[in-house]
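Asks: Input structure: my_file-v5.tsv, which contains TSV, C-alpha atoms and all ligand atoms.
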chain	number	residue	atom	x	y	z
K	1	MET	CA	-64.75	-77.78	-40.09
K	2	ILE	CA	-65.79	-74.37	-41.49
K	3	GLU	CA	-68.77	-72.40	-40.25
K	4	LEU	CA	-69.91	-68.86	-40.95
K	5	GLN	CA	-72.83	-67.29	-39.14
K	6	GLY	CA	-74.27	-63.90	-40.12
K	7	VAL	CA	-71.02	-62.62	-41.61
K	8	TRP	CA	-70.85	-59.04	-42.89
K	9	LYS	CA	-67.85	-57.27	-44.34
K	10	THR	CA	-68.31	-53.61	-45.11
K	11	PHE	CA	-65.61	-51.47	-46.72
K	12	SER	CA	-65.76	-47.70	-46.59
K	13	VAL	CA	-64.36	-46.03	-49.69
K	14	GLY	CA	-64.55	-42.34	-48.92
K	15	PRO	CA	-68.21	-41.65	-48.19
K	16	VAL	CA	-69.34	-44.85	-49.93
K	17	ARG	CA	-69.96	-48.05	-48.02
K	18	VAL	CA	-69.59	-51.33	-49.90
K	19	HIS	CA	-71.04	-54.50	-48.44
K	20	ALA	CA	-68.57	-57.06	-49.77
K	21	LEU	CA	-70.35	-59.72	-47.67
K	22	SER	CA	-73.95	-59.37	-46.49
K	23	ASP	CA	-75.22	-61.75	-43.83
K	24	VAL	CA	-73.45	-64.85	-45.15
K	25	SER	CA	-73.98	-68.15	-43.31
K	26	PHE	CA	-72.99	-71.68	-44.28
K	27	ARG	CA	-71.23	-74.74	-42.99
K	28	ILE	CA	-68.69	-76.96	-44.72
K	29	SER	CA	-67.88	-80.42	-43.42
K	30	ARG	CA	-64.58	-82.25	-43.55
K	31	GLY	CA	-64.00	-83.81	-46.95
K	32	GLU	CA	-66.34	-81.57	-48.96
K	33	PHE	CA	-65.46	-79.97	-52.29
K	34	VAL	CA	-67.23	-76.62	-52.53
K	35	ILE	CA	-67.26	-74.26	-55.49
K	36	LEU	CA	-67.71	-70.58	-54.69
K	37	THR	CA	-68.92	-68.65	-57.67
K	38	GLY	CA	-70.38	-65.30	-58.68
K	39	THR	CA	-69.39	-62.47	-61.00
K	40	SER	CA	-66.41	-60.22	-60.42
K	41	GLY	CA	-66.99	-58.11	-57.31
K	42	ALA	CA	-69.48	-60.58	-55.79
K	43	GLY	CA	-67.32	-61.07	-52.68
K	44	LYS	CA	-65.50	-64.37	-53.36
K	45	THR	CA	-62.01	-63.11	-52.51
K	46	THR	CA	-63.26	-61.29	-49.43
K	47	LEU	CA	-64.94	-64.47	-48.22
K	48	LEU	CA	-61.75	-66.52	-48.60
K	49	ARG	CA	-59.72	-63.76	-46.91
K	50	VAL	CA	-62.14	-63.84	-43.98
K	51	LEU	CA	-61.61	-67.61	-43.73
K	52	TYR	CA	-57.83	-67.39	-43.52
K	53	GLY	CA	-57.83	-64.39	-41.23
K	54	ALA	CA	-56.63	-61.74	-43.69
K	55	GLU	CA	-59.84	-59.71	-43.20
K	56	ARG	CA	-61.81	-59.36	-40.00
K	57	PRO	CA	-65.55	-59.48	-40.59
K	58	THR	CA	-67.47	-56.34	-39.65
K	59	GLU	CA	-69.98	-58.61	-37.95
K	60	GLY	CA	-70.63	-62.31	-37.55
K	61	GLU	CA	-68.94	-65.55	-36.57
K	62	VAL	CA	-66.25	-67.42	-38.46
K	63	GLU	CA	-64.98	-70.78	-37.32
K	64	VAL	CA	-62.25	-72.68	-39.17
K	65	LEU	CA	-60.67	-75.89	-37.85
K	66	GLY	CA	-62.19	-75.26	-34.45
K	67	ARG	CA	-60.76	-71.74	-34.18
K	68	ASP	CA	-62.76	-68.55	-33.73
K	69	VAL	CA	-60.93	-66.74	-36.55
K	70	PRO	CA	-61.92	-63.08	-35.90
K	71	SER	CA	-60.59	-63.28	-32.35
K	72	LEU	CA	-57.17	-64.65	-33.32
K	73	GLY	CA	-54.06	-62.60	-32.74
K	74	ARG	CA	-51.36	-62.19	-35.34
K	75	SER	CA	-49.32	-65.26	-34.40
K	76	GLU	CA	-52.46	-67.39	-34.16
K	77	VAL	CA	-53.49	-66.27	-37.65
K	78	ALA	CA	-50.03	-67.30	-38.87
K	79	ALA	CA	-50.53	-70.71	-37.25
K	80	LEU	CA	-53.97	-71.05	-38.87
K	81	ARG	CA	-52.48	-70.30	-42.28
K	82	ARG	CA	-49.95	-73.07	-41.86
K	83	SER	CA	-52.94	-75.44	-41.71
K	84	LEU	CA	-54.43	-74.05	-44.91
K	85	GLY	CA	-53.14	-74.40	-48.44
K	86	VAL	CA	-53.92	-71.26	-50.42
K	87	VAL	CA	-53.49	-70.65	-54.15
K	88	PHE	CA	-54.28	-67.56	-56.19
K	89	GLN	CA	-54.78	-66.52	-59.80
K	90	ASP	CA	-51.10	-65.60	-59.96
K	91	ALA	CA	-48.87	-68.55	-58.99
K	92	LYS	CA	-46.57	-66.19	-57.01
K	93	LEU	CA	-43.50	-68.42	-57.41
K	94	LEU	CA	-40.09	-67.09	-56.39
K	95	PRO	CA	-38.48	-66.36	-59.79
K	96	ALA	CA	-34.87	-67.02	-58.77
K	97	ARG	CA	-35.61	-70.52	-57.43
K	98	THR	CA	-36.38	-73.75	-59.21
K	99	VAL	CA	-39.76	-75.42	-58.87
K	100	TYR	CA	-38.15	-77.87	-56.47
K	101	ASP	CA	-36.75	-75.09	-54.29
K	102	ASN	CA	-40.00	-73.12	-54.32
K	103	ILE	CA	-41.68	-76.10	-52.72
K	104	ALA	CA	-38.78	-77.25	-50.51
K	105	PHE	CA	-38.61	-73.70	-49.12
K	106	VAL	CA	-41.95	-74.21	-47.36
K	107	LEU	CA	-40.74	-77.38	-45.66
K	108	ARG	CA	-37.39	-75.87	-44.66
K	109	ALA	CA	-39.22	-72.93	-43.09
K	110	LEU	CA	-41.25	-75.40	-41.04
K	111	GLY	CA	-38.13	-77.19	-39.86
K	112	THR	CA	-38.87	-80.44	-41.69
K	113	PRO	CA	-35.90	-82.82	-41.35
K	114	ARG	CA	-33.65	-82.63	-44.42
K	115	SER	CA	-33.90	-86.36	-44.99
K	116	GLN	CA	-37.65	-86.03	-45.63
K	117	ILE	CA	-37.68	-82.97	-47.84
K	118	THR	CA	-36.84	-84.52	-51.22
K	119	ALA	CA	-39.41	-87.28	-50.88
K	120	ARG	CA	-42.13	-84.88	-49.79
K	121	VAL	CA	-41.44	-82.39	-52.57
K	122	PHE	CA	-41.56	-85.13	-55.20
K	123	ASP	CA	-44.68	-86.59	-53.64
K	124	ALA	CA	-46.38	-83.18	-54.03
K	125	LEU	CA	-45.06	-82.76	-57.58
K	126	ARG	CA	-46.35	-86.21	-58.52
K	127	LYS	CA	-49.82	-85.33	-57.21
K	128	VAL	CA	-49.99	-82.33	-59.55
K	129	GLY	CA	-48.31	-84.07	-62.51
K	130	LEU	CA	-45.19	-81.92	-62.53
K	131	SER	CA	-42.37	-84.29	-61.48
K	132	SER	CA	-40.46	-83.79	-64.72
K	133	ARG	CA	-40.22	-80.01	-64.22
K	134	ALA	CA	-38.62	-80.00	-60.75
K	135	GLN	CA	-35.44	-78.30	-61.95
K	136	ALA	CA	-37.16	-75.71	-64.15
K	137	TYR	CA	-37.30	-72.04	-63.19
K	138	PRO	CA	-40.69	-70.28	-63.07
K	139	ALA	CA	-39.98	-68.29	-66.25
K	140	GLN	CA	-39.59	-71.58	-68.14
K	141	LEU	CA	-43.03	-72.85	-67.14
K	142	SER	CA	-46.32	-72.49	-68.99
K	143	GLN	CA	-49.03	-70.81	-66.93
K	144	GLY	CA	-50.67	-74.17	-66.38
K	145	GLU	CA	-47.39	-75.65	-65.11
K	146	ALA	CA	-46.87	-72.62	-62.86
K	147	GLN	CA	-50.29	-73.22	-61.30
K	148	ARG	CA	-49.44	-76.90	-60.80
K	149	ALA	CA	-46.28	-75.79	-59.00
K	150	ALA	CA	-48.30	-73.39	-56.84
K	151	LEU	CA	-50.68	-76.23	-56.00
K	152	ALA	CA	-47.77	-78.53	-55.11
K	153	ARG	CA	-46.41	-75.82	-52.82
K	154	ALA	CA	-49.82	-75.39	-51.21
K	155	ILE	CA	-50.29	-79.10	-50.47
K	156	VAL	CA	-46.75	-80.13	-49.53
K	157	ARG	CA	-47.57	-79.56	-45.85
K	158	LYS	CA	-50.64	-81.80	-46.27
K	159	PRO	CA	-53.08	-79.12	-45.10
K	160	PRO	CA	-56.57	-80.31	-44.17
K	161	ILE	CA	-58.08	-77.48	-46.25
K	162	LEU	CA	-57.16	-76.07	-49.66
K	163	LEU	CA	-58.49	-72.61	-50.58
K	164	ALA	CA	-58.14	-71.70	-54.26
K	165	ASP	CA	-58.96	-68.15	-55.40
K	166	GLU	CA	-59.47	-68.07	-59.19
K	167	PRO	CA	-56.58	-70.48	-59.80
K	168	THR	CA	-57.56	-70.77	-63.47
K	169	GLY	CA	-58.28	-67.09	-64.08
K	170	ASN	CA	-55.22	-66.69	-66.33
K	171	LEU	CA	-55.63	-69.96	-68.20
K	172	ASP	CA	-57.37	-70.95	-71.40
K	173	GLU	CA	-60.27	-73.35	-71.13
K	174	GLY	CA	-58.28	-76.53	-71.76
K	175	MET	CA	-55.67	-75.71	-69.14
K	176	ALA	CA	-58.34	-74.53	-66.69
K	177	THR	CA	-60.04	-77.90	-66.96
K	178	GLU	CA	-56.73	-79.68	-66.33
K	179	ILE	CA	-56.10	-77.60	-63.21
K	180	HIS	CA	-59.64	-78.29	-61.98
K	181	ASP	CA	-58.89	-82.00	-62.45
K	182	VAL	CA	-55.71	-81.68	-60.39
K	183	ILE	CA	-57.69	-79.92	-57.64
K	184	LYS	CA	-60.26	-82.69	-57.77
K	185	ASP	CA	-57.46	-85.27	-57.33
K	186	ILE	CA	-56.21	-83.34	-54.29
K	187	TRP	CA	-59.74	-83.46	-52.89
K	188	THR	CA	-60.00	-87.20	-53.61
K	189	SER	CA	-56.90	-87.80	-51.52
K	190	GLY	CA	-58.72	-86.32	-48.51
K	191	THR	CA	-58.32	-82.53	-48.55
K	192	THR	CA	-61.37	-80.31	-48.04
K	193	VAL	CA	-61.46	-77.86	-50.96
K	194	ILE	CA	-63.03	-74.46	-51.59
K	195	LEU	CA	-62.56	-73.32	-55.17
K	196	ALA	CA	-63.54	-69.74	-55.97
K	197	THR	CA	-64.10	-68.97	-59.63
K	198	HIS	CA	-66.19	-66.67	-61.80
K	199	GLN	CA	-65.99	-69.35	-64.53
K	200	ALA	CA	-69.25	-70.96	-63.44
K	201	GLY	CA	-69.57	-73.06	-66.58
K	202	LEU	CA	-66.15	-74.64	-66.16
K	203	ALA	CA	-66.80	-75.31	-62.51
K	204	ALA	CA	-70.23	-76.85	-63.20
K	205	VAL	CA	-68.47	-79.77	-64.90
K	206	LEU	CA	-67.05	-80.73	-61.50
K	207	LYS	CA	-70.62	-81.39	-60.26
K	208	ARG	CA	-69.93	-80.40	-56.66
K	209	ARG	CA	-71.78	-78.31	-54.09
K	210	THR	CA	-71.88	-74.71	-55.33
K	211	LEU	CA	-72.27	-71.52	-53.32
K	212	VAL	CA	-73.30	-68.53	-55.43
K	213	LEU	CA	-72.57	-65.00	-54.25
K	214	GLU	CA	-74.27	-61.98	-55.73
K	215	ARG	CA	-73.24	-58.54	-54.47
K	216	GLY	CA	-72.10	-60.05	-51.18
K	217	ARG	CA	-75.19	-62.18	-50.60
K	218	LEU	CA	-75.25	-65.95	-50.68
K	219	ILE	CA	-78.10	-66.46	-53.13
K	220	LYS	CA	-77.72	-70.17	-53.77
K	221	ASP	CA	-76.23	-73.20	-52.04
K	222	GLN	CA	-76.89	-76.36	-53.95
K	223	GLY	CA	-75.51	-79.76	-54.89
V	301	LIG	N1	-59.87	-53.59	-49.47
V	301	LIG	C1	-61.00	-53.18	-50.06
V	301	LIG	N2	-61.39	-51.89	-49.97
V	301	LIG	C2	-62.55	-51.47	-50.53
V	301	LIG	N3	-63.38	-52.25	-51.21
V	301	LIG	C3	-63.04	-53.54	-51.34
V	301	LIG	C4	-61.85	-54.08	-50.79
V	301	LIG	N4	-61.78	-55.41	-51.08
V	301	LIG	C5	-62.90	-55.67	-51.79
V	301	LIG	N5	-63.65	-54.58	-51.96
V	301	LIG	C6	-64.94	-54.51	-52.66
V	301	LIG	O1	-65.74	-55.57	-52.17
V	301	LIG	C7	-66.50	-56.15	-53.22
V	301	LIG	C8	-66.17	-57.62	-53.33
V	301	LIG	O2	-64.84	-57.77	-53.82
V	301	LIG	P1	-64.13	-59.18	-53.96
V	301	LIG	O3	-64.27	-59.92	-52.70
V	301	LIG	O4	-62.76	-58.92	-54.46
V	301	LIG	O5	-65.02	-59.90	-55.09
V	301	LIG	P2	-64.67	-61.07	-56.11
V	301	LIG	O6	-63.47	-61.78	-55.58
V	301	LIG	O7	-65.90	-61.90	-56.15
V	301	LIG	O8	-64.39	-60.42	-57.42
V	301	LIG	C9	-66.17	-55.34	-54.47
V	301	LIG	O9	-67.14	-54.34	-54.61
V	301	LIG	C10	-64.82	-54.75	-54.14
V	301	LIG	O10	-64.61	-53.56	-54.85
V	302	MG	MG	-61.67	-62.26	-56.48
Could you quickly redo this structure as structure tokens?

Replies:
Amino acid sequence: MIELQGVWKTFSVGPVRVHALSDVSFRISRGEFVILTGTSGAGKTTLLRVLYGAERPTEGEVEVLGRDVPSLGRSEVAALRRSLGVVFQDAKLLPARTVYDNIAFVLRALGTPRSQITARVFDALRKVGLSSRAQAYPAQLSQGEAQRAALARAIVRKPPILLADEPTGNLDEGMATEIHDVIKDIWTSGTTVILATHQAGLAAVLKRRTLVLERGRLIKDQG
């Protein structure tokens, strides 16, 4: 479902060349839950961006859902992203819309029939434990609730793959654990998950396959 072969990503900052990814290869099968860890600057975000087509690798092969990602044109990248749920450290909710509307917005944009929207939004909210906050505005949410809303928005299209980039980076340990549990529930219901986090200790509790990046190199793949 996901395969990288000899992937390099080199950024040039003035005269300096930074290898954000150095010869990274791995394969992820449908239904896996994979933790991607490593200290800040190790290349986690760059790796996820390469997977969803936001960065083109300098070298190497990237296949996601049967597509050769580096060769995709702009509209094909947009189509790929509609098959991927993505969440970030910042929930990025639209502040002037309720939780319900933040999620319904995605379905309306896809042309989902009106009659199905309410049920699908509440189904997603139930999965993340946020049904009671549907009419709240983002400013009224705790950071943990905001991340639950972002997760609901990411999964409402039922994407086969969820990519999470430091979704608990702004949260205290208790809330981070709760969000990891929600992500684990999403995985249990059949979504392939890649969770990037520098909080290796928190992620270790999940006891899933772990890829460790160090200065762009994949130094460990275990579990
Ligand atoms: N657009 C960019 N331009 C220049 N350097 C970048 C860019 N994006 C990332 N980098 C560099 O690539 C390395 C990996 O960054 P990143 O993927 O953000 O790591 P992580 O997410 O693990 O913190 C870092 O040295 C970072 O400074
Ligand atoms: Mg990052």

Asks: Report the distance between atom CA of Val24 of chain K and atom CA of Asn170 of chain K in Å, rounded to one decimal place.

Replies: 28.0 Å

Asks: Could you give me, as a ChimeraX atom specification, every polymer residue with an atom at most 7 Å away from an atom of ligand MG 302 (chain V), counting only C-alpha atoms and all ligand atoms?

Replies: /K:40-41,43-45,165-166

Asks: Okay, now the selection with C-alpha atoms, as a tab-separated table (two decimals), keeping the file's coordinate frame?

Replies:
chain	number	residue	atom	x	y	z
K	40	SER	CA	-66.41	-60.22	-60.42
K	41	GLY	CA	-66.99	-58.11	-57.31
K	43	GLY	CA	-67.32	-61.07	-52.68
K	44	LYS	CA	-65.50	-64.37	-53.36
K	45	THR	CA	-62.01	-63.11	-52.51
K	165	ASP	CA	-58.96	-68.15	-55.40
K	166	GLU	CA	-59.47	-68.07	-59.19

Asks: Kindly indicate which residue among K:Pro160, K:Gly201, K:Gly190, K:Gly216 lies nearest to Val64 of chain K, using only C-alpha atoms for the distances.

Replies: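 Looking only at the distances to Val64 of chain K, the closest residue turns out to be K:Pro160.
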
Asks: What is the distance between atom CA of Arg209 of chain K and atom CA of Tyr52 of chain K, in Å to one decimal?

Replies: 20.6 Å

Asks: Calculate how many Å separate atom CA of Val34 of chain K from atom CA of Val50 of chain K, rounding to one decimal.

Replies: 16.2 Å

Asks: Please check which protein, DNA or RNA residues sit within 8 Å of ligand LIG 301 (chain V), counting only C-alpha atoms and all ligand atoms, and write them as a tab-separated table (two decimals) with C-alpha atoms, keeping the file's coordinate frame.

Replies:
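selection-v9.tsv, freshly written:
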chain	number	residue	atom	x	y	z
K	10	THR	CA	-68.31	-53.61	-45.11
K	11	PHE	CA	-65.61	-51.47	-46.72
K	12	SER	CA	-65.76	-47.70	-46.59
K	13	VAL	CA	-64.36	-46.03	-49.69
K	18	VAL	CA	-69.59	-51.33	-49.90
K	19	HIS	CA	-71.04	-54.50	-48.44
K	20	ALA	CA	-68.57	-57.06	-49.77
K	21	LEU	CA	-70.35	-59.72	-47.67
K	37	THR	CA	-68.92	-68.65	-57.67
K	38	GLY	CA	-70.38	-65.30	-58.68
K	39	THR	CA	-69.39	-62.47	-61.00
K	40	SER	CA	-66.41	-60.22	-60.42
K	41	GLY	CA	-66.99	-58.11	-57.31
K	42	ALA	CA	-69.48	-60.58	-55.79
K	43	GLY	CA	-67.32	-61.07	-52.68
K	44	LYS	CA	-65.50	-64.37	-53.36
K	45	THR	CA	-62.01	-63.11	-52.51
K	46	THR	CA	-63.26	-61.29	-49.43
K	47	LEU	CA	-64.94	-64.47	-48.22
K	165	ASP	CA	-58.96	-68.15	-55.40
K	196	ALA	CA	-63.54	-69.74	-55.97
K	198	HIS	CA	-66.19	-66.67	-61.80
K	213	LEU	CA	-72.57	-65.00	-54.25
K	215	ARG	CA	-73.24	-58.54	-54.47
K	216	GLY	CA	-72.10	-60.05	-51.18

Asks: Choose the residue, out of K:Val193, K:Leu211, K:Leu51, K:Ile103, that has the smallest atom-to-atom separation from Glu63 of chain K; count all atoms listed in the file.

Replies: K:Leu51

Asks: From the set K:Glu61, K:Asp172, K:Glu55, K:Glu76, which residue has the shortest atom-to-atom contact distance to Val7 of chain K, counting all atoms listed in the file?

Replies: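 Smallest distance to Val7 of chain K is found for K:Glu61.
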
Asks: Find the spatial neighbours of Glu145 of chain K, counting all atoms listed in the file, within a cut-off of 10 Å - ignore same-chain residues fewer than 3 positions away - and output them as a ChimeraX atom specification.

Replies: /K:91,99,128-130,133,138,140-142,148-151,175,179

Asks: Leaving out Tyr100 of chain K and any residue of its chain fewer than 6 positions from it, which residues lie within 9 Å of it when counting all atoms listed in the file, given as a PyMOL selection string?

Replies: chain K and resi 118+121-122+125+133-137+149

Asks: I'd like to know which of K:Ser22, K:Ser189, K:Thr197, K:Ser132 is closest to Lys158 of chain K, using all atoms listed in the file.

Replies: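 Answer, going by the shortest atom-to-atom distance: K:Ser189.
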